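Visitor: Sharing a structure, written as structure tokens. Questions coming.
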4 protein chains.
Amino acid sequence: MSNVRIGVIGAGNMGADHVTTLHRYVSGATVTLVADLNAERARSALVPGSRATTDPYALIADPEVDAVVIASHDTTHADLAIAALRAGKPVMCEKPLAPTLDECLRVAREEQQAGVGLLSLGFMRRFDPAYVELKAGLVGGACGTPLLMHCIARGVSSAPGATSEFSITGSAIHEFDIVPWLLNSPIIEVSWHAPRSTNIAPGLQDPQLILLRTADGVLTTVEVFLNARYGYDIRCEIAGERGTLALADPARLVKTSELAQSKAYPADWRPRFADAYRLELQAWVDAVATGQISTLAGARDGVLAAAVAEAVITSMKDGGRTIAIEVPGE
Amino acid sequence: MSNVRIGVIGAGNMGADHVTTLHRYVSGATVTLVADLNAERARSALVPGSRATTDPYALIADPEVDAVVIASHDTTHADLAIAALRAGKPVMCEKPLAPTLDECLRVAREEQQAGVGLLSLGFMRRFDPAYVELKAGLVGGACGTPLLMHCIARGVSSAPGATSEFSITGSAIHEFDIVPWLLNSPIIEVSWHAPRSTNIAPGLQDPQLILLRTADGVLTTVEVFLNARYGYDIRCEIAGERGTLALADPARLVKTSELAQSKAYPADWRPRFADAYRLELQAWVDAVATGQISTLAGARDGVLAAAVAEAVITSMKDGGRTIAIEVPGE
Amino acid sequence: MSNVRIGVIGAGNMGADHVTTLHRYVSGATVTLVADLNAERARSALVPGSRATTDPYALIADPEVDAVVIASHDTTHADLAIAALRAGKPVMCEKPLAPTLDECLRVAREEQQAGVGLLSLGFMRRFDPAYVELKAGLVGGACGTPLLMHCIARGVSSAPGATSEFSITGSAIHEFDIVPWLLNSPIIEVSWHAPRSTNIAPGLQDPQLILLRTADGVLTTVEVFLNARYGYDIRCEIAGERGTLALADPARLVKTSELAQSKAYPADWRPRFADAYRLELQAWVDAVATGQISTLAGARDGVLAAAVAEAVITSMKDGGRTIAIEVPGE
Amino acid sequence: MSNVRIGVIGAGNMGADHVTTLHRYVSGATVTLVADLNAERARSALVPGSRATTDPYALIADPEVDAVVIASHDTTHADLAIAALRAGKPVMCEKPLAPTLDECLRVAREEQQAGVGLLSLGFMRRFDPAYVELKAGLVGGACGTPLLMHCIARGVSSAPGATSEFSITGSAIHEFDIVPWLLNSPIIEVSWHAPRSTNIAPGLQDPQLILLRTADGVLTTVEVFLNARYGYDIRCEIAGERGTLALADPARLVKTSELAQSKAYPADWRPRFADAYRLELQAWVDAVATGQISTLAGARDGVLAAAVAEAVITSMKDGGRTIAIEVPGE
């Protein structure tokens with residue numbers, strides 16, 4: 001297989017993980033450049049055969065970079081994605097496409113010009129083997145016509161300074177992508193509801209409850225709870241006309257001790273979705289190598305998720321009112 | 001222990017089960033009379049030492065009846081309960097206390113006259129060992145301060161002619177009792193939401209989703225799905241500040257066959273709550289025998305649950321609007 | 001139902017539990033006498049309507065005692081059982097029938113004289129709802145013809161002074177009864193094997209592994225581990241020609257906290273088998289009340305289990321040699 | 001990373017899977033040649049950039065082959081491995097190293113000459129993330145000192161013509177490698193036991209039960225059941241002084257339907273161990289690329305497993321006698 005030379009922008013947790021995964025576990029990929037504003041951080045993420053830079057635009061322009069991964073701060077996504085598109089280079093942008101719907105639309109319009117499919121979006125759950133099985137089961141009729149879904153996304157603790165809006169744009173946004181992907185039906189209506197809030201994170205409404213309605217009539221409950229403390233725990237159950245399908249506990253071991261049988265939770269998303277990231281990057285590299293449109297989410301998916309996020313925030317600010325989704329054309 | 005002589009009104013599924021349970025498994029109880037409008041049905045429910053009648057009021061008046069169980073049609077509960085109260089006999093009325101809030105209030109007022117505690121209400125989940133452990137865990141701080149709850153009540157199929165209102169008054173009403181009992185906080189606000197409805201039960205909105213807010217701020221999602229088909233399945237999870245507590249699957253066996261590992265669901269509520277009914281009846285008989293107020297739910301609990309049910313139905317008829325609960329005094 | 005007046009011999013844990021269960025939860029039974037050599041202990045186990053004595057033979061002879069429960073020290077079982085049989089009173093003897101095969105045979109011969117069925121034996125697992133379901137599934141063909149079984153019996157810690165023989169006669173003996181009961185086939189061959197032993201209980205071989213072969217050819221592995229520490233945990237799996245059947249975890253709650261999902265184990269057998277004891281006592285009382293032979297294990301079952309235990313101890317002392325079971329006739 | 005050019009011998013299920021995995025999912029590897037005696041089968045396994053041959057020795061000698069994977073019939077392993085060793089090329093041989101201990105020893109001696117570490121052996125379970133976690137937990141002290149293990153290996157159906165010996169050399173051999181790997185202690189003693197045999201596979205003793213004792217005193221029960229029918233199911237539990245560790249069910253989904261909650265089993269080993277094979281091949285390729293000794297099992301491990309298998313077969317033929325393991329030096 002011809003080797004795809006990749007430049008990775010951003011050497012934080014996410015970017016450094018991508019560099020390692022591409023280098024160690026992805027067939028047909030070579031990381032040639034790593035960019036980070038912090039030169040030291042860029043260097044610490046290097047793998048054999050790669051160089052560091054502090055200039056992401058230089059990375060995009062570099063002749064040794066065939067394709068670009070964007071894993072820098074959310075606020076930089078749009079500009080960097082547009083630069084890569086203008087350079088005609090395939091780009092895999094971490095979610096979200098951009099923090100606001102307007103910016104997402106700007107990127108999507110740019111992609112229309114540069115070539116639809118040039119931009120792939122890192123909604124990695126679409127590659128998680130469990131979600132893939134869930135969708136296959138649903139499509140295969142294992143539970144009959146879906147009627148209702150329950151999604152839960154819990155983490156150990158929120159990042160310092162996390163806001164109630166961030167729970168939506170940074171965390172629940174995964175649900176805004178995976179729900180329509182599973183159901184093959186867009187979200188058309190949302191409402192936001194506030195449970196009692198934990199005392200652990202003052203100033204943050206946590207947990208939050210969101211109701212989503214897709215065009216097929218299915219109603220989905222989404223619980224987002226950043227400070228659930230007990231572990232990183234992602235659940236999804238679809239109730240249909242003939243039965244239900246749900247993600248199983250992903251723990252690999254059962255332990256007994258001290259009057260209990262237990263299964264471990266990871267402390268964050270990385271162990272839970274390591275395989276999803278690997279398979280996503282492999283699928284993207286395969287598509288780049290063969291010049292095909294990848295099977296990853298695309299710019300339009302980023303726009304749709306951002307539109308849902310905006311509507312949920314509107315509901316949050318308007319007493320939990322039900323908000324219809326309006327997606328501007330591109 | 002002195003023996004409590006019990007008359008059971010209603011010899012349908014519920015009543016006949018109570019007769020059997022009292023006779024075979026409850027210490028200190030003797031069933032002396034069984035009443036049913038259908039004489040044949042009354043007779044078929046008899047156990048050694050009991051007589052049949054078609055007149056429930058004669059049963060209440062009978063000198064060989066120390067205490068009365070009401071398990072006849074919901075619409076008869078209020079009048080029969082009042083008759084028993086006026087006769088000064090302890091009465092255990094199956095849920096609901098009555099189909100409407102007004103009737104419930106009428107019974108509650110009557111009990112104020114006859115003696116508070118004379119009426120016990122059959123919200124049997126309060127005696128289910130799993131719910132009892134759940135409450136003990138919650139009270140013991142196992143999950144920290146509760147913030148959010150998820151309740152699911154699914155059945156195999158709805159009774160012929162079941163209406164969307166019946167899902168509330170006949171099924172969800174168990175949640176309207178158990179949620180405040182678990183949290184020790186009354187429900188103050190509700191809203192009703194319609195998922196896509198199954199095609200199996202035309203004319204019935206099924207499933208339904210209800211949001212409950214208790215005075216402590218906890219938000220509870222309640223899914224009621226009468227025609228879930230796959231089995232009778234009751235779930236409850238409490239998410240708190242430090243972790244979660246949930247009912248475990250109650251299946252006693254794990255079976256493997258044909259490329260699957262499986263646990264069975266019962267087809268209806270009776271196997272699931274057989275122990276709860278037994279323990280409830282035992283607690284009631286013990287209280288009657290010693291002249292104490294039982295630990296069962298009482299008239300006031302019936303009023304509160306009915307008030308919630310009425311509010312949910314109001315929300316159902318008013319586009320899912322959030323409805324505040326107003327409980328009239330007695 | 002006519003009331004059975006019961007005398008309970010032995011007011012230790014087991015006896016006191018039986019008194020309470022009979023009094024509070026068994027229909028048709030009244031505890032009239034409680035005997036213990038320790039007068040204080042006898043008194044502390046009393047329930048309303050019962051008297052204490054230090055003389056078990058006086059209890060057996062008492063005209064207010066219709067039937068006798070023996071829950072005193074294992075070494076007293078045979079003599080007390082024989083006294084009850086000679087008094088012509090139904091007796092429910094806790095397992096084991098006696099510590100040695102010879103004594104068991106002596107009791108069995110005595111019962112032949114007094115009336116077969118007068119003695120019931122407390123192998124309570126036969127009344128555990130999970131084992132009952134397991135047998136029903138097996139008989140119903142859910143796993144096809146049984147080929148192999150795996151049994152595990154683990155406890156938190158052994159009693160002071162427990163010996164390697166006690167693991168057999170006091171703990172594994174439950175398996176020696178339940179395996180043939182499940183398979184409906186007697187044990188014909190055994191061998192004993194020593195895993196590495198825990199350091200926690202010097203002088204005791206713990207855990208132990210026993211192989212049992214029943215007449216139908218099924219091979220059963222039995223692990224007995226008194227000091228497993230993590231909890232009281234009883235498992236049983238049957239592998240058949242078409243699949244397997246196994247006891248499910250009996251925990252009623254799932255808890256999450258501190259990076260784990262957990263289910264609790266009890267610290268000893270009482271919570272695990274509380275329902276089995278209740279149902280066993282109820283079945284015995286029902287049989288006594290109607291003059292029928294009970295569905296409990298009987299003297300012959302006690303003899304068979306003791307014969308297996310003796311053979312296992314022989315294997316233990318003879319380097320794990322395979323020992324054939326010989327059951328003397330009565 | 002420098003690219004390792006790999007020749008794969010054998011294009012049956014196992015070989016074809018390896019070709020695909022190397023091509024699609026292993027970083028730094030290129031499959032250049034595929035050999036199979038059946039030319040058509042060799043061709044059907046090709047991936048872009050690879051050529052087919054019917055001559056495995058030509059493959060070994062080919063200048064475009066840096067390293068060799070042997071996945072042909074078990075009986076060919078020894079000769080092919082020796083040829084690769086003599087060619088000085090790193091070789092990854094599927095288990096078993098050879099069907100007999102003598103042949104395994106022959107390969108091991110050859111490797112002594114060619115360079116220790118040149119041969120890697122495909123005991124892929126060592127790379128299964130669940131087994132890796134199990135070992136890490138054990139080493140980390142999660143269950144205390146191990147005392148007893150229970151291993152179960154069940155499949156849907158045996159290959160046509162499978163013999164009782166094949167259950168040992170072809171299936172149980174995985175346990176003979178993984179048990180000492182987990183415990184870090186060699187097997188020193190075995191015995192073989194025959195449960196009732198299924199009627200489905202006449203002429204084959206199935207299931208079989210094997211007891212293994214390791215030098216540390218731990219006793220392991222191994223059930224091998226080729227025709228368990230219900231699914232491919234691999235279990236492992238370690239009981240230690242403070243608790244237990246066991247592999248969890250690997251199913252990714254929970255499904256409810258028709259009065260049951262279920263989790264699927266795969267029909268064979270490939271879905272269960274797909275990740276183990278990928279990680280094993282990746283580790284091997286990484287070692288080859290850097291000239292290091294791989295972390296896979298090696299020739300000595302193949303000899304040890306074969307010695308255990310021979311002893312178990314001796315026990316099988318000698319009435320279940322306990323057999324001590326003697327491993328000839330090399």
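Identifiers in the structure tokens: chain A, B, ... in order shown; residue index from 1 per chain; ligand index from 1 in order shown.
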Using backbone DSSP assignments, extract all strand (DSSP E or B) residues from region 71-285 of chain B; output them as a PyMOL selection string.
Guide: chain B and resi 91-94+119-122+146-154+187-193+208-214+219-225+233-240+244-247+253-257+260-264
Visitor: So which residues touch region 75-79 of chain D within 8 Å, counting only C-alpha atoms, skipping near sequence neighbours fewer than 6 positions away, as a ChimeraX atom specification?
Guide: /D:93-94,96-99,103-104,106-107
Visitor: Quick one: write out the picked residues with all heavy atoms as a compact mmCIF listing (two decimals), in the first residue's frame?
Guide:
# COMPACT_ATOMS: atom_id res chain seq x y z
N CYS D 93 5.47 -18.95 13.66
CA CYS D 93 4.80 -20.21 13.37
C CYS D 93 3.52 -20.30 14.17
O CYS D 93 3.51 -20.07 15.38
CB CYS D 93 5.74 -21.37 13.74
SG CYS D 93 5.02 -22.99 13.40
N GLU D 94 2.43 -20.63 13.48
CA GLU D 94 1.17 -20.86 14.19
C GLU D 94 1.35 -22.00 15.18
O GLU D 94 2.16 -22.89 14.96
CB GLU D 94 0.06 -21.22 13.19
CG GLU D 94 -0.83 -20.07 12.84
CD GLU D 94 -1.37 -19.36 14.08
OE1 GLU D 94 -1.93 -20.03 14.96
OE2 GLU D 94 -1.20 -18.13 14.16
N PRO D 96 0.24 -25.53 16.81
CA PRO D 96 1.36 -25.93 17.66
C PRO D 96 2.66 -25.83 16.87
O PRO D 96 2.64 -25.83 15.65
CB PRO D 96 1.02 -27.37 18.00
CG PRO D 96 0.33 -27.88 16.78
CD PRO D 96 -0.47 -26.71 16.27
N LEU D 97 3.75 -25.76 17.60
CA LEU D 97 5.05 -25.73 16.94
C LEU D 97 5.18 -26.96 16.05
O LEU D 97 5.66 -26.88 14.91
CB LEU D 97 6.15 -25.71 18.02
CG LEU D 97 7.59 -25.60 17.55
CD1 LEU D 97 7.78 -24.46 16.57
CD2 LEU D 97 8.51 -25.40 18.75
N ALA D 98 4.71 -28.09 16.57
CA ALA D 98 4.66 -29.34 15.81
C ALA D 98 3.73 -30.27 16.56
O ALA D 98 3.49 -30.06 17.75
CB ALA D 98 6.05 -29.95 15.70
N PRO D 99 3.21 -31.30 15.91
CA PRO D 99 2.25 -32.18 16.59
C PRO D 99 2.87 -33.04 17.67
O PRO D 99 2.17 -33.51 18.55
CB PRO D 99 1.69 -33.05 15.46
CG PRO D 99 1.98 -32.29 14.21
CD PRO D 99 3.27 -31.57 14.47
N GLU D 103 9.34 -33.58 17.51
CA GLU D 103 9.52 -32.59 16.44
C GLU D 103 9.73 -31.19 17.00
O GLU D 103 10.51 -30.39 16.48
CB GLU D 103 8.28 -32.58 15.54
CG GLU D 103 8.28 -33.68 14.51
CD GLU D 103 7.01 -33.61 13.69
OE1 GLU D 103 5.94 -33.96 14.22
OE2 GLU D 103 7.08 -33.17 12.53
N CYS D 104 9.00 -30.88 18.07
CA CYS D 104 9.18 -29.57 18.70
C CYS D 104 10.63 -29.42 19.16
O CYS D 104 11.26 -28.37 18.98
CB CYS D 104 8.25 -29.41 19.89
SG CYS D 104 6.52 -29.25 19.44
N ARG D 106 13.19 -30.90 17.95
CA ARG D 106 14.03 -30.76 16.76
C ARG D 106 14.08 -29.29 16.31
O ARG D 106 15.16 -28.75 16.04
CB ARG D 106 13.47 -31.64 15.64
CG ARG D 106 14.36 -31.75 14.41
CD ARG D 106 13.99 -32.98 13.58
NE ARG D 106 12.63 -32.96 13.10
CZ ARG D 106 12.27 -32.51 11.88
NH1 ARG D 106 13.17 -32.03 11.05
NH2 ARG D 106 11.01 -32.54 11.50
N VAL D 107 12.91 -28.64 16.30
CA VAL D 107 12.89 -27.23 15.91
C VAL D 107 13.65 -26.37 16.92
O VAL D 107 14.42 -25.48 16.55
CB VAL D 107 11.43 -26.71 15.77
CG1 VAL D 107 11.43 -25.23 15.39
CG2 VAL D 107 10.65 -27.52 14.76
Visitor: Please return, as a PyMOL selection string, all residues of chain D lying within 9 Å of chain B when only C-alpha atoms are considered.
Guide: chain D and resi 156+229-232+256-267
Visitor: So, counting only C-alpha atoms, which residue among B:Ala83, B:Leu211, B:Val8, B:Met14 is closest to Thr322 (chain B)?
Guide: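 That would be B:Leu211, the residue with the smallest distance to Thr322 (chain B).
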Visitor: From the list D:Gly28, D:Gly137, D:Gly115, D:Pro90, which residue is nearest Ala246 (chain D) when using only C-alpha atoms?
Guide: D:Gly137
Visitor: So which bits of region 126-252 of chain D end up alpha helix (DSSP H) when you DSSP the backbone, as a PyMOL selection string?
Guide: chain D and resi 129-139+164-166+173-183
Visitor: Go ahead and compute the interatomic distance for CA of Ile9 (chain A) and CA of Gly161 (chain A), in Å to one decimal.
Guide: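 Computed distance, CA of Ile9 (chain A) to CA of Gly161 (chain A), equals 24.0 Å.
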Visitor: Would you pick out the contacts of Val139 (chain A) at 12 Å or less, using only C-alpha atoms, so that residues sharing its chain but fewer than 6 positions from it are not included, and give the list as a list in words?
Guide: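 After dropping sequence-adjacent residues, the list is Val132, Glu133, Thr145, Pro146, Trp181, Leu182, Leu183, Asn184, Ile238, Gly240 and Leu245 of chain A.
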Visitor: Taking 4 positions as the minimum chain separation for residues in the same chain, which residues sit within 7 Å of Met149 (chain C) when counting only C-alpha atoms? Answer as a list in words.
Guide: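 Counting only the stated atoms, we get Leu219, Thr220, Thr221, Glu237, Ile238 and Ala239 of chain C.
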Visitor: Next, dump the selected residues to file, keeping only N, CA, C and O atoms, as a short mmCIF file (atom, residue, chain, number, x, y, z; two decimals), in the first residue's frame.
Guide:
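Saved the output as again-v5.cif:
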data_model
loop_
_atom_site.label_atom_id
_atom_site.label_comp_id
_atom_site.auth_asym_id
_atom_site.auth_seq_id
_atom_site.Cartn_x
_atom_site.Cartn_y
_atom_site.Cartn_z
N LEU C 219 -19.64 -36.01 35.11
CA LEU C 219 -18.52 -35.70 35.99
C LEU C 219 -18.74 -34.30 36.55
O LEU C 219 -19.05 -33.37 35.80
N THR C 220 -18.58 -34.14 37.85
CA THR C 220 -18.79 -32.84 38.48
C THR C 220 -17.51 -32.41 39.20
O THR C 220 -16.93 -33.19 39.95
N THR C 221 -17.10 -31.17 38.95
CA THR C 221 -16.00 -30.60 39.73
C THR C 221 -16.61 -29.79 40.86
O THR C 221 -17.53 -29.01 40.64
N GLU C 237 -22.96 -24.78 37.54
CA GLU C 237 -23.22 -24.76 36.10
C GLU C 237 -23.29 -26.19 35.58
O GLU C 237 -22.45 -27.02 35.91
N ILE C 238 -24.28 -26.44 34.76
CA ILE C 238 -24.44 -27.74 34.12
C ILE C 238 -24.20 -27.56 32.63
O ILE C 238 -24.83 -26.72 32.00
N ALA C 239 -23.25 -28.34 32.10
CA ALA C 239 -23.01 -28.30 30.65
C ALA C 239 -23.63 -29.54 30.03
O ALA C 239 -23.32 -30.66 30.44
#
Visitor: Between CA of Ala299 (chain B) and CA of Asp128 (chain B), what is the distance in Å, rounded to a tenth?
Guide: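 CA of Ala299 (chain B) sits 20.0 Å away from CA of Asp128 (chain B).
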Visitor: Name the closest residue to Ala274 (chain B) among the candidates B:Ala153, B:Ala52, B:Arg125, B:His23; distances are taken between atoms, counting only C-alpha atoms.
Guide: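 Closest candidate: B:Arg125.
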Visitor: Just how far from CA of Ala276 (chain D) is CA of Gly122 (chain D), in Å to one decimal?
Guide: 10.1 Å
Visitor: Extract, using only C-alpha atoms, all DNA, RNA and protein residues at most 9 Å from Ala39 (chain D), discarding same-chain residues fewer than 5 positions from it, and format them as a PDB file with all heavy atoms, in the first residue's frame.
Guide:
ATOM      1  N   SER D  44      -6.404 -16.682  -4.175  1.00  0.00           N
ATOM      2  CA  SER D  44      -7.589 -16.023  -3.599  1.00  0.00           C
ATOM      3  C   SER D  44      -7.253 -15.269  -2.306  1.00  0.00           C
ATOM      4  O   SER D  44      -8.053 -14.462  -1.845  1.00  0.00           O
ATOM      5  CB  SER D  44      -8.690 -17.042  -3.345  1.00  0.00           C
ATOM      6  OG  SER D  44      -8.322 -17.868  -2.268  1.00  0.00           O
ATOM      7  N   ALA D  52       1.607 -15.054  -5.605  1.00  0.00           N
ATOM      8  CA  ALA D  52       1.289 -16.392  -5.107  1.00  0.00           C
ATOM      9  C   ALA D  52       2.333 -17.393  -5.563  1.00  0.00           C
ATOM     10  O   ALA D  52       2.963 -17.226  -6.604  1.00  0.00           O
ATOM     11  CB  ALA D  52      -0.087 -16.824  -5.601  1.00  0.00           C
ATOM     12  N   THR D  53       2.486 -18.459  -4.759  1.00  0.00           N
ATOM     13  CA  THR D  53       3.357 -19.563  -5.157  1.00  0.00           C
ATOM     14  C   THR D  53       2.787 -20.838  -4.555  1.00  0.00           C
ATOM     15  O   THR D  53       2.014 -20.781  -3.592  1.00  0.00           O
ATOM     16  CB  THR D  53       4.803 -19.358  -4.671  1.00  0.00           C
ATOM     17  OG1 THR D  53       5.561 -20.534  -4.992  1.00  0.00           O
ATOM     18  CG2 THR D  53       4.859 -19.140  -3.156  1.00  0.00           C
ATOM     19  N   THR D  54       3.168 -21.966  -5.122  1.00  0.00           N
ATOM     20  CA  THR D  54       2.763 -23.236  -4.509  1.00  0.00           C
ATOM     21  C   THR D  54       3.939 -23.857  -3.760  1.00  0.00           C
ATOM     22  O   THR D  54       3.789 -24.920  -3.167  1.00  0.00           O
ATOM     23  CB  THR D  54       2.259 -24.229  -5.576  1.00  0.00           C
ATOM     24  OG1 THR D  54       3.303 -24.398  -6.557  1.00  0.00           O
ATOM     25  CG2 THR D  54       1.001 -23.728  -6.265  1.00  0.00           C
TER      26      THR D  54
END
Visitor: Could you check the closest approach to Ser120 (chain A) for each of A:Ala29, A:Val288, A:Val47, A:Ile323 and tell me which residue wins, using only C-alpha atoms?
Guide: A:Val288
